[in-house]
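This report refers to the structure that appears directly beneath it.
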Amino acid sequence: MTDTGRAPRLSVVIPCYNAERYIAATLDSVLAQGDDDLEIIVVDDGSRDGSTALIRQHYPQVRLIEQVNAGVAAARNHGIKAARGQWIAFVDADDIWLPGKLAAQFALLAENPDCRMCYTAWQVWPSDAPLPTPAVLEEVERSAGDTARWQSASGWIYPQLLLDCAVWTSTTMAKRSLFDEIGDFDGSLRVGEDYDLWLRASRVTPILQVPRPYALYRIHPDSITKSRAIVNDRAIVVERALAKWGMTAPDGTSADGAAVRRMLAKCWSDFANDRLHGGNASGAAVASIASLRLTPTHLTAWKLLIKSTVLRLAGGHKGSP
């Protein structure tokens with residue numbers, strides 16, 4: 001760990017909410033990077049379990065910040081404001097960094113001094129076990145050399161981001177000055193706050209990718225991505241970006257407009273389907289119409305509109321779940 005008398009090269013920000021089962025493995029994976037020039041900041045977002053007690057007892061080198069529960073965006077923003085590093089990296093309290101991650105990213109950044117943000121490939125890991133098994137790690141290592149498999153958007157990636165959020169927060173590293181310029185995570189978004197930030201970042205810096213998996217993205221029963229969405233955050237984020245910047249990146253490359261409209265149409269029809277399964281026929285109808293405005297030939301949206309209309313006429317509509 002870095003000498004506390006001077007600013008570290010890197011601050012690692014970890015938002016934590018009821019992560020007692022996983023946080024030790026996450027912290028150990030950060031410490032195992034072997035980088036002595038960093039600070040680790042855990043922002044506890046009002047946990048009701050033993051997360052903070054565990055950190056205090058076993059990780060005295062970690063800066064622990066506690067806040068009243070306000071959500072992951074607020075926790076990350078709190079960490080950014082407290083960070084002293086020239087660079088800031090993020091990892092969620094249930095994810096795992098793999099050996100060599102930070103070294104690979106700093107090597108890439110050294111080769112590209114004008115770049116202020118990078119990320120790595122990652123492996124999805126469906127598990128509620130605290131630690132990955134040797135078999136999981138061996139499989140990731142076996143596949144790691146297949147660059148083509150792990151290659152994703154890299155460079156001025158705004159057009160690619162309009163089609164898909166190719167960047168995952170727990171692999172990112174960004175220069176502190178980037179947040180000073182573009183702001184931090186949008187706390188008004190329940191999900192998609194990271195997507196919104198990467199779109200803003202892609203307007204002012206290339207975002208480079210290390211095409212090798214250096215993190216495990218844990219999916220478990222308590223993951224926020226498994227809960228039912230209340231609003232269509234993904235569509236909101238992309239539509240807001242389009243209204244502000246259009247289809248073209250700072251380097252002059254442009255997204256395929258038809259492909260973006262198809263993506264948004266599917267995004268709205270997926271949301272309509274979720275509304276319908278949640279018993280909200282009225283919300284499903286509204287989302288279906290939003291989809292059809294983008295792509296009038298989207299068959300799935302027509303089917304969902306018909307189903308939701310029939311349910312409403314039959315009195316099967318419920319309020320928003």
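Here, A, B, ... name the chains of the structure tokens in the order displayed, residue numbers run from 1 inside each chain, and ligands are numbered from 1 in the same displayed order.
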
Inset, instruction - Could you give me the residues within segment 76-165 of chain A that DSSP places in helix (DSSP H, G or I), as a PyMOL selection string? - result: chain A and resi 76-82+101-111+134-143+147-150+158-163

Can you write out the residues you just picked, keeping C-alpha atoms, as a PDB file, in the first residue's frame?
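Saved the output as selection_30.pdb:
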ATOM      1  CA  ARG A  76     -19.265   5.619  -6.017  1.00  0.00           C
ATOM      2  CA  ASN A  77     -19.519   9.418  -6.150  1.00  0.00           C
ATOM      3  CA  HIS A  78     -18.653   9.600  -2.463  1.00  0.00           C
ATOM      4  CA  GLY A  79     -15.603   7.459  -3.161  1.00  0.00           C
ATOM      5  CA  ILE A  80     -14.539   9.616  -6.112  1.00  0.00           C
ATOM      6  CA  LYS A  81     -14.690  12.747  -3.970  1.00  0.00           C
ATOM      7  CA  ALA A  82     -12.639  11.089  -1.214  1.00  0.00           C
ATOM      8  CA  LYS A 101      -5.328  -6.592 -14.145  1.00  0.00           C
ATOM      9  CA  LEU A 102      -3.815  -3.328 -12.963  1.00  0.00           C
ATOM     10  CA  ALA A 103      -0.432  -4.054 -14.544  1.00  0.00           C
ATOM     11  CA  ALA A 104      -2.058  -4.736 -17.920  1.00  0.00           C
ATOM     12  CA  GLN A 105      -4.098  -1.543 -17.773  1.00  0.00           C
ATOM     13  CA  PHE A 106      -1.198   0.681 -16.750  1.00  0.00           C
ATOM     14  CA  ALA A 107       0.908  -0.846 -19.532  1.00  0.00           C
ATOM     15  CA  LEU A 108      -1.804  -0.010 -22.081  1.00  0.00           C
ATOM     16  CA  LEU A 109      -2.150   3.530 -20.752  1.00  0.00           C
ATOM     17  CA  ALA A 110       1.620   4.039 -20.876  1.00  0.00           C
ATOM     18  CA  GLU A 111       1.505   3.188 -24.585  1.00  0.00           C
ATOM     19  CA  PRO A 134      -9.923 -23.679  -9.227  1.00  0.00           C
ATOM     20  CA  ALA A 135     -11.895 -25.053 -12.185  1.00  0.00           C
ATOM     21  CA  VAL A 136     -13.433 -21.634 -12.881  1.00  0.00           C
ATOM     22  CA  LEU A 137     -10.046 -19.935 -12.754  1.00  0.00           C
ATOM     23  CA  GLU A 138      -8.449 -22.586 -14.942  1.00  0.00           C
ATOM     24  CA  GLU A 139     -11.164 -22.192 -17.575  1.00  0.00           C
ATOM     25  CA  VAL A 140     -10.687 -18.414 -17.669  1.00  0.00           C
ATOM     26  CA  GLU A 141      -6.931 -18.835 -17.970  1.00  0.00           C
ATOM     27  CA  ARG A 142      -7.321 -21.380 -20.796  1.00  0.00           C
ATOM     28  CA  SER A 143      -9.469 -18.991 -22.787  1.00  0.00           C
ATOM     29  CA  THR A 147      -7.831 -12.385 -28.192  1.00  0.00           C
ATOM     30  CA  ALA A 148     -10.511 -12.533 -30.876  1.00  0.00           C
ATOM     31  CA  ARG A 149     -12.994 -13.958 -28.373  1.00  0.00           C
ATOM     32  CA  TRP A 150     -12.407 -11.138 -25.894  1.00  0.00           C
ATOM     33  CA  TYR A 158     -19.271   6.404 -28.763  1.00  0.00           C
ATOM     34  CA  PRO A 159     -20.960   4.793 -31.819  1.00  0.00           C
ATOM     35  CA  GLN A 160     -20.492   1.290 -30.383  1.00  0.00           C
ATOM     36  CA  LEU A 161     -21.807   2.392 -26.989  1.00  0.00           C
ATOM     37  CA  LEU A 162     -25.010   3.619 -28.605  1.00  0.00           C
ATOM     38  CA  LEU A 163     -25.690   0.004 -29.561  1.00  0.00           C
TER      39      LEU A 163
END

I'd like the neighbourhood of Ile40 of chain A as a ChimeraX atom specification, where a residue qualifies if any of its atoms comes within 8 Å (using only C-alpha atoms), though same-chain residues fewer than 2 positions away should be ignored. /A:11-14,38,42,61-63

*Non-local contacts of Tyr22 of chain A (10 Å; only C-alpha atoms; under 5 positions in same chain excluded) as a list in words*: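 With the cut-off at 10 Å, the set is Cys16, Leu27, Ser51, Asp92, Ala93, Asp94, Asp95, Ile96, Asp128, Ala129, Pro130, Leu131 and Arg218 of chain A.
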
With C-alpha atoms retained, could you export that selection as a compact mmCIF listing (two decimals), in the first residue's frame?
# COMPACT_ATOMS: atom_id res chain seq x y z
CA CYS A 16 -20.67 -1.96 -0.56
CA LEU A 27 -10.60 -6.98 -1.24
CA SER A 51 -19.70 -5.82 6.23
CA ASP A 92 -18.21 -3.85 -6.90
CA ALA A 93 -18.16 -5.58 -3.53
CA ASP A 94 -19.16 -8.97 -4.95
CA ASP A 95 -16.86 -9.07 -7.99
CA ILE A 96 -13.32 -10.42 -8.34
CA ASP A 128 -23.09 -17.20 -4.75
CA ALA A 129 -19.93 -18.88 -3.44
CA PRO A 130 -17.51 -16.43 -1.82
CA LEU A 131 -14.57 -17.63 -3.94
CA ARG A 218 -20.68 -12.29 -10.31

Neighbouring residues of Ala258 of chain A were defined as those with any atom within 12 Å, considering only C-alpha atoms; residues of the same chain fewer than 5 positions away were excluded. Please report them as a list in words.
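Listing them by chain and then by number gives Leu162, Leu163, Met247, Met263, Leu264, Ala265, Leu294 and Thr295 of chain A.
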
Same residues, C-alpha atoms, saved as an mmCIF file, in the first residue's frame:
data_model
loop_
_atom_site.group_PDB
_atom_site.id
_atom_site.type_symbol
_atom_site.label_atom_id
_atom_site.label_comp_id
_atom_site.auth_asym_id
_atom_site.auth_seq_id
_atom_site.Cartn_x
_atom_site.Cartn_y
_atom_site.Cartn_z
ATOM 1 C CA LEU A 162 -25.010 3.619 -28.605
ATOM 2 C CA LEU A 163 -25.690 0.004 -29.561
ATOM 3 C CA MET A 247 -24.819 9.564 -33.905
ATOM 4 C CA MET A 263 -31.783 -1.594 -30.670
ATOM 5 C CA LEU A 264 -34.012 0.990 -29.016
ATOM 6 C CA ALA A 265 -37.138 -0.658 -30.407
ATOM 7 C CA LEU A 294 -38.956 3.638 -33.645
ATOM 8 C CA THR A 295 -39.501 0.562 -35.813
#

May I have a table of the residues of segment 79-115 of chain A lying at most 7 Å from segment 175-195 of chain A, giving each one's closest pair of atoms and their distance in Å to one decimal, counting only C-alpha atoms, ordered by chain and ascending residue number, as CSV?
residue,atom,partner,partner_atom,distance
A:Gln86,CA,A:Arg176,CA,5.5
A:Trp87,CA,A:Lys175,CA,4.3
A:Ile88,CA,A:Arg176,CA,6.1

Those residues you just picked out, can you put them in a file as a compact mmCIF listing (two decimals), in the first residue's frame with C-alpha atoms?
# COMPACT_ATOMS: atom_id res chain seq x y z
CA GLN A 86 -4.29 10.29 -10.01
CA TRP A 87 -6.32 7.40 -11.42
CA ILE A 88 -9.53 5.87 -10.11

>> Quick one: residues within 12 Å of Arg312 of chain A, only C-alpha atoms, excluding same-chain residues fewer than 2 positions away - as a PyMOL selection string?
In response: chain A and resi 276+279-285+305-310+314-319

| field | Exercise: Gly246 of chain A partners within 12 Å, only C-alpha atoms, chain neighbours under 5 positions left out, as a count of residues only | value | 16

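Among the candidates A:Cys115, A:Leu10, A:Leu54, A:Val30, the residue lying nearest to Arg84 of chain A is A:Leu10 (atoms considered: only C-alpha atoms).
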
What does the distance between atom CA of Arg293 of chain A and atom CA of Ala272 of chain A come to in Å, to one decimal place?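 Interatomic distance, atom CA of Arg293 of chain A to atom CA of Ala272 of chain A: 13.6 Å.
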
As an MDAnalysis selection string, please: all residues of segment 16-86 of chain A that backbone DSSP puts in strand (DSSP E or B).
chainID A and resid 16 38:45 63:67

Dump as a short mmCIF file (atom, residue, chain, number, x, y, z; two decimals), in the first residue's frame, selection limited to C-alpha atoms:
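Contents of the output file result_19.cif:
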data_model
loop_
_atom_site.label_atom_id
_atom_site.label_comp_id
_atom_site.auth_asym_id
_atom_site.auth_seq_id
_atom_site.Cartn_x
_atom_site.Cartn_y
_atom_site.Cartn_z
CA CYS A 16 -20.67 -1.96 -0.56
CA LEU A 38 -2.74 2.55 -4.37
CA GLU A 39 -5.39 3.29 -1.80
CA ILE A 40 -8.50 1.18 -1.32
CA ILE A 41 -11.72 2.96 -0.42
CA VAL A 42 -14.84 1.04 0.59
CA VAL A 43 -17.99 3.18 0.72
CA ASP A 44 -20.56 1.33 2.78
CA ASP A 45 -24.04 2.29 1.62
CA ARG A 63 -10.31 3.45 4.07
CA LEU A 64 -13.87 2.78 5.19
CA ILE A 65 -16.45 5.48 4.53
CA GLU A 66 -20.01 5.02 5.78
CA GLN A 67 -23.10 6.74 4.40
#

One residue among A:Ala153, A:Ala249, A:Gln123, A:Arg9 is nearest to Asp37 of chain A when using only C-alpha atoms, and that residue is A:Arg9

inquiry  = Residues within 12 Å of Leu299 of chain A, please, as a VMD selection string. Count only C-alpha atoms; anything in the same chain fewer than 6 positions from it doesn't count.
reply    = chain A and resid 262 265 to 266 269 288 to 289 291 to 292 305 to 306

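Comparing A:Gly100, A:Gly85, A:Gly46, A:Pro132 by their smallest distance to Ala25 of chain A, the closest is A:Pro132 (using only C-alpha atoms).
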